[in-house]
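Trainee: Okay, so here is target_37.tsv, and as you'll see once you scroll down, it has TSV, C-alpha atoms and all ligand atoms.
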```tsv
chain	number	residue	atom	x	y	z
S	1390	MET	CA	0.00	0.00	0.00
S	1391	LYS	CA	1.22	3.52	-0.83
S	1392	SER	CA	0.99	6.36	1.69
S	1393	ILE	CA	1.71	10.09	1.65
S	1394	ALA	CA	3.94	11.05	4.59
S	1395	ALA	CA	5.52	14.28	5.88
S	1396	ILE	CA	9.22	13.43	5.94
S	1397	HIS	CA	12.36	15.35	6.83
S	1398	ARG	CA	15.88	14.22	5.96
S	1399	SER	CA	17.69	16.93	7.91
S	1400	TYR	CA	16.94	19.08	10.95
S	1401	GLY	CA	16.06	22.65	10.12
S	1402	LYS	CA	13.30	25.18	9.56
S	1403	ALA	CA	10.17	23.06	9.43
S	1404	ASP	CA	8.56	24.60	6.34
S	1405	GLU	CA	11.80	24.11	4.41
S	1406	VAL	CA	12.97	20.63	5.45
S	1407	VAL	CA	9.66	18.74	5.63
S	1408	HIS	CA	8.25	17.41	2.34
S	1409	ALA	CA	5.25	15.30	1.43
S	1410	GLU	CA	6.60	12.04	-0.01
S	1411	THR	CA	5.07	8.75	-1.10
S	1412	ILE	CA	6.20	5.76	0.93
S	1413	ASP	CA	5.36	2.04	0.97
S	1414	ILE	CA	3.33	0.66	3.85
S	1415	PRO	CA	3.77	-3.09	4.52
S	1416	ASN	CA	0.82	-5.41	5.06
S	1417	PRO	CA	-0.16	-5.71	8.73
S	1418	GLN	CA	1.08	-8.86	10.47
S	1419	LYS	CA	-0.59	-10.70	13.35
S	1420	GLY	CA	-1.18	-8.20	16.19
S	1421	GLN	CA	-0.86	-5.21	13.89
S	1422	ALA	CA	-3.32	-2.64	12.51
S	1423	ILE	CA	-3.30	-0.02	9.79
S	1424	VAL	CA	-4.41	3.42	10.99
S	1425	LYS	CA	-5.47	6.12	8.54
S	1426	LEU	CA	-4.90	9.76	9.50
S	1427	LEU	CA	-8.10	11.73	10.10
S	1428	ARG	CA	-6.84	14.85	11.92
S	1429	ALA	CA	-3.40	15.81	13.22
S	1430	VAL	CA	-2.22	18.94	14.97
S	1431	ILE	CA	0.97	21.01	14.69
S	1432	ASN	CA	2.51	21.87	18.06
S	1433	PRO	CA	5.57	23.97	18.93
S	1434	SER	CA	7.33	20.76	20.00
S	1435	ASP	CA	6.99	19.43	16.43
S	1436	LEU	CA	8.87	22.48	15.19
S	1437	GLY	CA	11.55	21.84	17.85
S	1438	MET	CA	11.81	18.17	16.94
S	1439	ILE	CA	12.10	18.94	13.23
S	1440	GLY	CA	14.48	21.81	14.00
S	1441	GLY	CA	16.79	19.66	16.12
S	1442	SER	CA	16.38	21.65	19.36
S	1443	TYR	CA	13.90	19.40	21.20
S	1444	GLY	CA	14.77	17.21	24.21
S	1445	ARG	CA	14.38	14.03	22.12
S	1446	LEU	CA	15.10	13.75	18.41
S	1447	ARG	CA	14.19	11.12	15.84
S	1448	PRO	CA	16.87	9.47	13.71
S	1449	LEU	CA	16.76	10.70	10.11
S	1450	PRO	CA	15.03	10.38	7.76
S	1451	ALA	CA	11.98	10.82	9.99
S	1452	VAL	CA	8.23	11.07	9.61
S	1453	ALA	CA	7.27	14.27	11.47
S	1454	GLY	CA	4.44	14.88	13.91
S	1455	ARG	CA	3.26	13.47	17.21
S	1456	GLU	CA	-0.38	14.16	17.82
S	1457	GLY	CA	-3.69	13.42	16.16
S	1458	VAL	CA	-6.39	10.86	15.60
S	1459	GLY	CA	-6.96	8.25	12.93
S	1460	GLU	CA	-9.26	5.40	11.99
S	1461	VAL	CA	-8.41	1.71	12.11
S	1462	VAL	CA	-8.87	0.60	8.49
S	1463	GLU	CA	-7.31	-2.87	8.47
S	1464	LEU	CA	-6.22	-5.53	10.95
S	1465	GLY	CA	-3.56	-8.21	10.61
S	1466	PRO	CA	-4.48	-11.92	10.68
S	1467	ASP	CA	-6.00	-13.17	13.98
S	1468	THR	CA	-6.20	-9.62	15.28
S	1469	GLU	CA	-9.54	-8.43	16.61
S	1470	TYR	CA	-8.95	-5.26	18.58
S	1471	PRO	CA	-9.54	-2.34	18.09
S	1472	LYS	CA	-12.31	-3.03	15.59
S	1473	VAL	CA	-12.02	-1.68	12.05
S	1474	GLY	CA	-13.71	1.76	12.11
S	1475	SER	CA	-12.51	2.60	15.66
S	1476	ILE	CA	-11.08	6.07	16.18
S	1477	VAL	CA	-7.68	5.94	17.87
S	1478	ARG	CA	-4.75	8.16	18.77
S	1479	LEU	CA	-2.31	8.32	15.86
S	1480	PRO	CA	0.69	6.37	17.12
S	1481	PRO	CA	3.18	9.17	17.89
S	1482	GLU	CA	6.17	7.01	16.96
S	1483	PRO	CA	7.85	6.64	14.55
S	1484	GLY	CA	5.90	9.73	13.35
S	1485	ALA	CA	2.23	10.69	13.14
S	1486	TRP	CA	1.91	12.77	9.96
S	1487	THR	CA	1.39	9.95	7.53
S	1488	GLN	CA	-1.72	8.95	5.61
S	1489	TYR	CA	-1.38	5.31	6.71
S	1490	GLN	CA	0.68	3.76	9.47
S	1491	VAL	CA	1.21	0.13	10.47
S	1492	CYS	CA	1.29	-0.21	14.24
S	1493	GLN	CA	0.92	-2.61	17.15
S	1494	ALA	CA	-2.84	-2.96	17.63
S	1495	GLY	CA	-2.51	-3.62	21.37
S	1496	GLU	CA	-0.85	-0.26	21.95
S	1497	LEU	CA	-3.49	1.87	20.27
S	1498	VAL	CA	-5.40	4.30	22.49
S	1499	GLU	CA	-9.06	4.26	21.57
S	1500	VAL	CA	-10.99	7.54	21.49
S	1501	PRO	CA	-14.55	7.45	22.89
S	1502	LYS	CA	-17.23	7.76	20.24
S	1503	GLY	CA	-19.19	10.95	19.61
S	1504	LEU	CA	-16.54	13.50	20.66
S	1505	PRO	CA	-15.50	16.40	18.37
S	1506	LEU	CA	-12.68	15.19	16.12
S	1507	ASP	CA	-10.56	18.37	16.33
S	1508	MET	CA	-10.62	18.31	20.13
S	1509	CYS	CA	-9.73	14.62	20.19
S	1510	ALA	CA	-6.80	15.31	17.87
S	1511	MET	CA	-5.51	17.86	20.44
S	1512	ALA	CA	-6.17	15.64	23.47
S	1513	PHE	CA	-2.82	13.93	23.94
S	1514	ILE	CA	-0.22	16.59	24.72
S	1515	ASN	CA	-1.51	19.97	25.88
S	1516	PRO	CA	-4.52	18.95	28.01
S	1517	PRO	CA	-2.58	16.23	29.90
S	1518	THR	CA	0.25	18.71	30.50
S	1519	ALA	CA	-2.14	21.31	31.94
S	1520	LEU	CA	-3.82	18.64	34.09
S	1521	CYS	CA	-0.53	17.24	35.44
S	1522	ILE	CA	0.66	20.72	36.34
S	1523	LEU	CA	-2.49	21.52	38.27
S	1524	ASP	CA	-2.46	18.11	39.99
S	1525	ASN	CA	1.24	17.75	40.78
S	1526	PHE	CA	2.60	21.12	41.85
S	1527	GLY	CA	1.04	22.38	45.07
S	1528	GLU	CA	-2.53	21.97	46.13
S	1529	LEU	CA	-4.66	24.72	44.68
S	1530	GLY	CA	-8.15	24.97	46.05
S	1531	GLU	CA	-11.16	27.15	45.47
S	1532	GLY	CA	-10.22	30.83	45.77
S	1533	ASP	CA	-6.47	30.28	45.11
S	1534	TRP	CA	-4.88	31.97	42.13
S	1535	PHE	CA	-2.93	30.52	39.18
S	1536	ILE	CA	-0.88	32.61	36.74
S	1537	GLN	CA	0.47	31.82	33.28
S	1538	ASN	CA	2.26	33.62	30.48
S	1539	GLY	CA	1.65	32.75	26.81
S	1540	ALA	CA	-1.97	32.41	27.88
S	1541	GLY	CA	-3.31	32.63	24.33
S	1542	SER	CA	-1.88	29.19	23.48
S	1543	ALA	CA	-4.04	26.09	23.28
S	1544	LEU	CA	-2.46	24.93	26.53
S	1545	GLY	CA	-3.30	28.32	28.05
S	1546	TYR	CA	-6.97	27.87	27.14
S	1547	PHE	CA	-7.03	24.37	28.66
S	1548	ALA	CA	-5.39	25.63	31.88
S	1549	VAL	CA	-8.01	28.40	32.21
S	1550	GLN	CA	-10.85	25.95	31.60
S	1551	MET	CA	-9.53	23.42	34.12
S	1552	CYS	CA	-8.99	26.15	36.74
S	1553	LYS	CA	-12.48	27.50	36.16
S	1554	ALA	CA	-13.94	24.03	36.71
S	1555	ARG	CA	-12.07	23.82	40.06
S	1556	GLY	CA	-12.92	27.33	41.29
S	1557	ILE	CA	-9.30	28.49	40.91
S	1558	LYS	CA	-8.88	32.06	39.69
S	1559	THR	CA	-6.46	32.86	36.87
S	1560	VAL	CA	-4.13	35.65	35.82
S	1561	ASN	CA	-3.34	35.40	32.12
S	1562	MET	CA	-0.34	37.16	30.60
S	1563	LEU	CA	0.01	37.35	26.82
S	1564	ARG	CA	1.68	39.54	24.28
S	1565	ASN	CA	-1.46	40.43	22.34
S	1566	ALA	CA	-3.94	40.76	25.19
S	1567	GLU	CA	-6.42	42.94	23.30
S	1568	LYS	CA	-6.75	40.41	20.50
S	1569	LYS	CA	-7.68	37.51	22.78
S	1570	ARG	CA	-9.07	39.26	25.88
S	1571	SER	CA	-12.76	38.72	25.20
S	1572	GLU	CA	-12.23	35.11	24.10
S	1573	LEU	CA	-10.20	34.33	27.24
S	1574	GLU	CA	-12.73	36.04	29.46
S	1575	SER	CA	-15.54	34.12	27.79
S	1576	ILE	CA	-13.92	30.82	28.81
S	1577	GLY	CA	-13.47	31.96	32.42
S	1578	ALA	CA	-10.21	33.94	32.66
S	1579	ASP	CA	-10.35	36.33	35.64
S	1580	LEU	CA	-7.51	38.70	34.74
S	1581	VAL	CA	-6.05	39.17	31.24
S	1582	VAL	CA	-2.93	41.33	31.13
S	1583	ASP	CA	-0.64	42.32	28.28
S	1584	GLU	CA	2.90	41.04	28.98
S	1585	ALA	CA	4.27	44.49	28.06
S	1586	GLU	CA	2.04	46.24	30.62
S	1587	PHE	CA	2.28	43.71	33.44
S	1588	ASN	CA	2.67	45.36	36.83
S	1589	PRO	CA	3.77	42.74	39.41
S	1590	LYS	CA	2.87	44.88	42.44
S	1591	ALA	CA	-0.64	45.57	41.16
S	1592	VAL	CA	-1.21	41.90	40.38
S	1593	LYS	CA	0.12	40.83	43.78
S	1594	GLU	CA	-2.27	43.24	45.44
S	1595	LYS	CA	-5.22	42.16	43.32
S	1596	THR	CA	-4.59	38.48	44.08
S	1597	GLY	CA	-4.04	39.09	47.81
S	1598	GLY	CA	-0.74	37.16	47.91
S	1599	LYS	CA	-2.67	34.02	46.88
S	1600	LEU	CA	-0.85	33.39	43.61
S	1601	LYS	CA	0.39	29.89	44.45
S	1602	LEU	CA	1.22	28.38	41.08
S	1603	GLY	CA	2.76	29.91	37.96
S	1604	LEU	CA	3.11	28.34	34.53
S	1605	ASN	CA	5.89	29.62	32.30
S	1606	GLN	CA	5.36	28.77	28.61
S	1607	ILE	CA	7.41	31.62	27.21
S	1608	GLY	CA	10.55	32.62	29.16
S	1609	GLY	CA	12.15	36.07	28.90
S	1610	GLU	CA	11.00	39.14	30.79
S	1611	SER	CA	7.47	37.88	31.38
S	1612	VAL	CA	8.59	35.09	33.73
S	1613	SER	CA	10.71	37.52	35.80
S	1614	ASN	CA	7.63	39.69	36.16
S	1615	MET	CA	5.49	36.69	37.00
S	1616	ILE	CA	7.84	35.70	39.82
S	1617	LYS	CA	7.60	39.16	41.37
S	1618	ALA	CA	3.81	38.82	41.58
S	1619	MET	CA	3.78	35.39	43.28
S	1620	GLY	CA	2.69	34.79	46.86
S	1621	ASP	CA	4.97	33.27	49.51
S	1622	SER	CA	6.16	29.69	48.99
S	1623	ALA	CA	4.72	29.61	45.47
S	1624	THR	CA	5.92	27.38	42.62
S	1625	VAL	CA	6.68	28.42	39.05
S	1626	VAL	CA	6.78	25.55	36.55
S	1627	THR	CA	8.55	26.05	33.22
S	1628	ILE	CA	7.29	24.01	30.27
S	1629	GLY	CA	8.39	26.07	27.27
S	1630	GLY	CA	10.75	28.77	26.07
S	1631	MET	CA	9.06	30.43	23.10
S	1632	VAL	CA	11.14	33.60	23.52
S	1633	GLY	CA	14.34	31.60	23.16
S	1634	ASP	CA	16.21	33.68	25.79
S	1635	PRO	CA	17.80	32.27	28.92
S	1636	ILE	CA	15.38	32.95	31.78
S	1637	ARG	CA	16.52	35.58	34.29
S	1638	PHE	CA	15.16	34.80	37.75
S	1639	PRO	CA	15.13	37.64	40.29
S	1640	THR	CA	17.29	36.16	43.09
S	1641	ARG	CA	15.65	37.85	46.10
S	1642	PHE	CA	12.32	36.11	45.47
S	1643	LEU	CA	13.94	32.69	45.77
S	1644	ILE	CA	15.47	33.67	49.11
S	1645	PHE	CA	12.94	35.90	50.81
S	1646	ASN	CA	9.76	34.41	49.36
S	1647	ASP	CA	10.76	30.73	49.33
S	1648	LEU	CA	9.88	30.47	45.65
S	1649	ALA	CA	10.31	27.05	44.00
S	1650	LEU	CA	11.31	26.83	40.34
S	1651	ARG	CA	10.40	23.58	38.65
S	1652	GLY	CA	10.15	22.12	35.16
S	1653	PHE	CA	7.78	19.61	33.59
S	1654	TRP	CA	7.99	17.52	30.42
S	1655	TRP	CA	4.89	15.46	29.50
S	1656	ASP	CA	6.97	13.37	27.11
S	1657	LYS	CA	9.06	12.13	30.04
S	1658	TRP	CA	6.10	11.82	32.42
S	1659	GLN	CA	4.46	9.38	29.98
S	1660	ARG	CA	7.63	7.33	29.65
S	1661	THR	CA	8.19	7.15	33.41
S	1662	HIS	CA	4.65	6.32	34.53
S	1663	SER	CA	2.67	3.13	34.03
S	1664	LYS	CA	0.37	2.70	31.02
S	1665	ASP	CA	-2.57	2.64	33.44
S	1666	ARG	CA	-1.64	6.06	34.90
S	1667	VAL	CA	-1.28	7.53	31.42
S	1668	LYS	CA	-4.58	5.96	30.36
S	1669	ALA	CA	-6.26	7.41	33.45
S	1670	VAL	CA	-5.04	10.89	32.46
S	1671	TYR	CA	-6.47	10.47	28.94
S	1672	GLY	CA	-9.70	9.22	30.49
S	1673	LYS	CA	-10.04	12.46	32.48
S	1674	ILE	CA	-9.28	14.52	29.37
S	1675	PHE	CA	-11.93	12.73	27.28
S	1676	GLU	CA	-14.40	13.25	30.11
S	1677	MET	CA	-13.66	17.00	30.08
S	1678	ILE	CA	-13.97	17.11	26.28
S	1679	GLY	CA	-17.26	15.21	26.50
S	1680	ASN	CA	-18.81	17.48	29.14
S	1681	GLY	CA	-17.72	20.62	27.28
S	1682	THR	CA	-15.08	21.79	29.83
S	1683	LEU	CA	-12.28	21.73	27.24
S	1684	LYS	CA	-12.47	23.61	23.94
S	1685	ALA	CA	-9.77	25.25	21.86
S	1686	PRO	CA	-10.02	27.15	18.59
S	1687	VAL	CA	-8.79	25.85	15.23
S	1688	ASP	CA	-6.99	28.37	13.03
S	1689	SER	CA	-6.94	26.39	9.79
S	1690	VAL	CA	-6.95	22.90	8.30
S	1691	PHE	CA	-4.50	21.86	5.56
S	1692	LYS	CA	-4.21	18.73	3.46
S	1693	LEU	CA	-1.23	16.48	4.27
S	1694	GLU	CA	0.05	17.11	0.71
S	1695	ASP	CA	0.26	20.81	1.65
S	1696	ILE	CA	2.37	20.16	4.73
S	1697	GLN	CA	4.80	23.01	3.94
S	1698	LYS	CA	1.95	25.54	3.78
S	1699	ALA	CA	0.57	24.13	7.05
S	1700	LEU	CA	3.96	24.46	8.74
S	1701	SER	CA	4.44	28.02	7.44
S	1702	ARG	CA	1.09	28.96	8.93
S	1703	ALA	CA	1.93	27.23	12.24
S	1704	MET	CA	5.13	29.30	12.45
S	1705	GLU	CA	3.30	32.61	12.08
S	1706	ASN	CA	2.53	34.84	15.07
S	1707	SER	CA	-1.00	35.74	16.15
S	1708	ARG	CA	-2.75	32.67	14.84
S	1709	SER	CA	-6.30	32.28	16.04
S	1710	GLY	CA	-5.86	28.66	17.12
S	1711	LYS	CA	-4.23	25.40	16.14
S	1712	VAL	CA	-3.18	24.48	12.62
S	1713	MET	CA	-4.56	21.06	11.78
S	1714	ILE	CA	-3.72	18.50	9.10
S	1715	GLU	CA	-6.13	16.15	7.37
S	1716	PHE	CA	-5.78	13.73	4.55
S	1801	LIG	N1	6.93	20.69	28.65
S	1801	LIG	C1	5.86	20.04	28.16
S	1801	LIG	O1	5.62	18.87	28.45
S	1801	LIG	C2	4.94	20.77	27.23
S	1801	LIG	C3	3.78	20.15	26.77
S	1801	LIG	C4	2.91	20.88	25.95
S	1801	LIG	C5	3.23	22.18	25.57
S	1801	LIG	N2	4.39	22.72	26.03
S	1801	LIG	C6	4.77	24.11	25.70
S	1801	LIG	O2	3.67	24.96	26.01
S	1801	LIG	C7	3.68	26.08	25.15
S	1801	LIG	C8	2.31	26.22	24.48
S	1801	LIG	O3	2.08	25.13	23.60
S	1801	LIG	P1	0.78	25.14	22.65
S	1801	LIG	O4	0.83	23.94	21.80
S	1801	LIG	O5	-0.42	25.35	23.49
S	1801	LIG	O6	1.07	26.47	21.80
S	1801	LIG	P2	0.23	27.14	20.62
S	1801	LIG	O7	-1.22	26.87	20.78
S	1801	LIG	O8	0.86	26.74	19.34
S	1801	LIG	O9	0.47	28.68	20.87
S	1801	LIG	C9	1.75	29.22	21.01
S	1801	LIG	C10	1.57	30.51	21.77
S	1801	LIG	O10	2.84	31.06	22.10
S	1801	LIG	C11	2.78	32.45	21.94
S	1801	LIG	N3	4.12	32.95	21.66
S	1801	LIG	C12	5.00	32.48	20.75
S	1801	LIG	N4	6.15	33.18	20.81
S	1801	LIG	C13	5.97	34.12	21.79
S	1801	LIG	C14	6.78	35.16	22.31
S	1801	LIG	N5	8.02	35.35	21.85
S	1801	LIG	N6	6.28	35.93	23.30
S	1801	LIG	C15	5.02	35.74	23.77
S	1801	LIG	N7	4.20	34.76	23.29
S	1801	LIG	C16	4.67	33.98	22.32
S	1801	LIG	C17	1.86	32.68	20.76
S	1801	LIG	O11	1.35	33.97	20.86
S	1801	LIG	P3	0.73	34.77	19.60
S	1801	LIG	O12	-0.71	34.33	19.55
S	1801	LIG	O13	0.89	36.19	20.00
S	1801	LIG	O14	1.50	34.41	18.38
S	1801	LIG	C18	0.81	31.58	20.98
S	1801	LIG	O15	-0.26	32.05	21.78
S	1801	LIG	C19	4.82	25.86	24.16
S	1801	LIG	O16	5.97	26.50	24.68
S	1801	LIG	C20	5.02	24.35	24.23
S	1801	LIG	O17	6.31	23.95	23.83
S	1801	LIG	C21	5.24	22.06	26.83
```
Take the structure in the file and give it back as C-alpha cells.

Mentor:
Amino acid sequence: MKSIAAIHRSYGKADEVVHAETIDIPNPQKGQAIVKLLRAVINPSDLGMIGGSYGRLRPLPAVAGREGVGEVVELGPDTEYPKVGSIVRLPPEPGAWTQYQVCQAGELVEVPKGLPLDMCAMAFINPPTALCILDNFGELGEGDWFIQNGAGSALGYFAVQMCKARGIKTVNMLRNAEKKRSELESIGADLVVDEAEFNPKAVKEKTGGKLKLGLNQIGGESVSNMIKAMGDSATVVTIGGMVGDPIRFPTRFLIFNDLALRGFWWDKWQRTHSKDRVKAVYGKIFEMIGNGTLKAPVDSVFKLEDIQKALSRAMENSRSGKVMIEF
C-alpha cells in the first residue's frame, strides 16, 4: 500500500525541510493494525523536533508529527482489537503525519465515540500537561490563584478551563492581550494582562498574595515579572521557552519568598509512569472534552500534501488557534 507522509531528511526550519513524499506501507502482520490519519495537529514541539532543538530527536530520515487521531482501516491476521472503524490516537512514533501507518494494535489508544474530532486530535499533549501541572505542583483549592504567560496558546486555554472548573482564579499574561481578551474572558479567565504592561505589584495586590502556582510557557522578561507577583512559597513551573532567551530569575524572590522553580515535560512523564496512569489521564481529558469543559479554537486545516503551507502557517505569530492537518 502507498501512503503520503511528511518526511524530513535533515533538521532545520520546518517549512523548508519537511516534504510530502510517497512511501510504501507493509501489510499488517498478526497483532498489527493499519491506521489512517483523520486529523493531526501542529505543536511547537513538532517544530523543535524537526528543528533539532527538542529534548528528544528522531533518527533521520523521519516522519514528522506526534499528535492526532486516525481510523483503524485494516487488521492483521487473527487480530480483533480495536475493531475496524474505531477512532484511535495516531501512534506518535515513529511519526504521526502519515496517511497510513502500520502499528501494534494492542498499543493503540481508543478515542470514545461521539466527541469532536478536532478536540480529540488535540487531546494527547496539551490537556494532559495542563492537568498534570495543576495536579502535581502544590494543592490549589477554590479561591487560590494561578498565573500563566503565553496564555493565548491552546495549553493556556485548557489551563483556564480546568482552573475555572475547580474554582481556581487565573491571571493570564500574553503579548497580544487585546486580541484575545474577550475570548479568554468568555472561557473563564479572571484577569487578562498584556505582557508588556504587566505590573507585578498591582497583580500581587489584586490576588491578595494568593498566587500559588505559575506556569511559564514563554521565558524572557514575562517570567521575571510573574515571579515578582507570586505569593509566599509559590511554585513556578517552566514548560516552554518560546522567547528563546535564557530565563533571568530575580534572586531575592527565591530567598525571601521561598519560591520554588520547577520544570515539567509530558513526554518524560508518559515514559516514566505506568500505562494505566497515562490511560487514566487520557480518560479524564476525554471526560472534560465530553462534558464541554475543554475547547480550543482551530486556526486552519490543511491537506497532508500541503504540509509546507501548514507548517508556514503554524510558524506565524498571532494565529487564532491550532493548525490542523487532514488527509
Ligand atoms: N513541557 C511540556 O511537556 C509541554 C507540553 C505541551 C506544551 N508545552 C509548551 O507549552 C507552550 C504552548 O504550547 P501550545 O501547543 O499550546 O502552543 P500554541 O497553541 O501553538 O500557541 C503558542 C503561543 O505562544 C505564543 N508565543 C510564541 N512566541 C511568543 C513570544 N516570543 N512571546 C510571547 N508569546 C509567544 C503565541 O502567541 P501569539 O498568539 O501572540 O503568536 C501563541 O499564543 C509551548 O511553549 C510548548 O512547547 C510544553

Trainee: Could you pull out the residues sitting within 8 Å of ligand LIG 1801 (chain S), using all atoms listed in the file, and write them as a VMD selection string?

Mentor: chain S and resid 1431 to 1434 1514 to 1516 1518 to 1519 1538 to 1546 1563 to 1565 1584 1606 to 1608 1627 to 1633 1652 to 1657 1703 1705 to 1711

Trainee: With 10 Å as the threshold, what does the neighbourhood of (-3.8, -7.3, 14.6) contain in terms of residues, counting only C-alpha atoms? Coordinates are those of the file; answer as an NGL selection string.

Mentor: :S and (1417-1423 or 1463-1472 or 1491-1495)

Trainee: To one decimal in Å, tell me the separation between CA of Gln1659 in chain S and CA of Ile1522 in chain S.

Mentor: 13.5 Å

Trainee: Quick one: residues within 12 Å of Pro1448 in chain S, only C-alpha atoms counted, chain neighbours fewer than 6 positions away excluded, as a compact mmCIF listing (two decimals) with C-alpha atoms, keeping the file's coordinate frame?

Mentor:
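Here's the written file around-v3.txt:
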```txt
# COMPACT_ATOMS: atom_id res chain seq x y z
CA ILE S 1396 9.22 13.43 5.94
CA HIS S 1397 12.36 15.35 6.83
CA ARG S 1398 15.88 14.22 5.96
CA SER S 1399 17.69 16.93 7.91
CA TYR S 1400 16.94 19.08 10.95
CA MET S 1438 11.81 18.17 16.94
CA ILE S 1439 12.10 18.94 13.23
CA GLY S 1441 16.79 19.66 16.12
CA GLU S 1482 6.17 7.01 16.96
CA PRO S 1483 7.85 6.64 14.55
CA GLY S 1484 5.90 9.73 13.35
```

Trainee: With distances taken over all atoms listed in the file, which of S:Asp1688, S:Ala1618, S:Lys1568, S:Gly1609 is nearest to Pro1589 in chain S?

Mentor: S:Ala1618

Trainee: How many Å separate CA of Val1430 in chain S from CA of Pro1450 in chain S?

Mentor: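 Computing the Euclidean distance for CA of Val1430 in chain S and CA of Pro1450 in chain S yields 20.6 Å.
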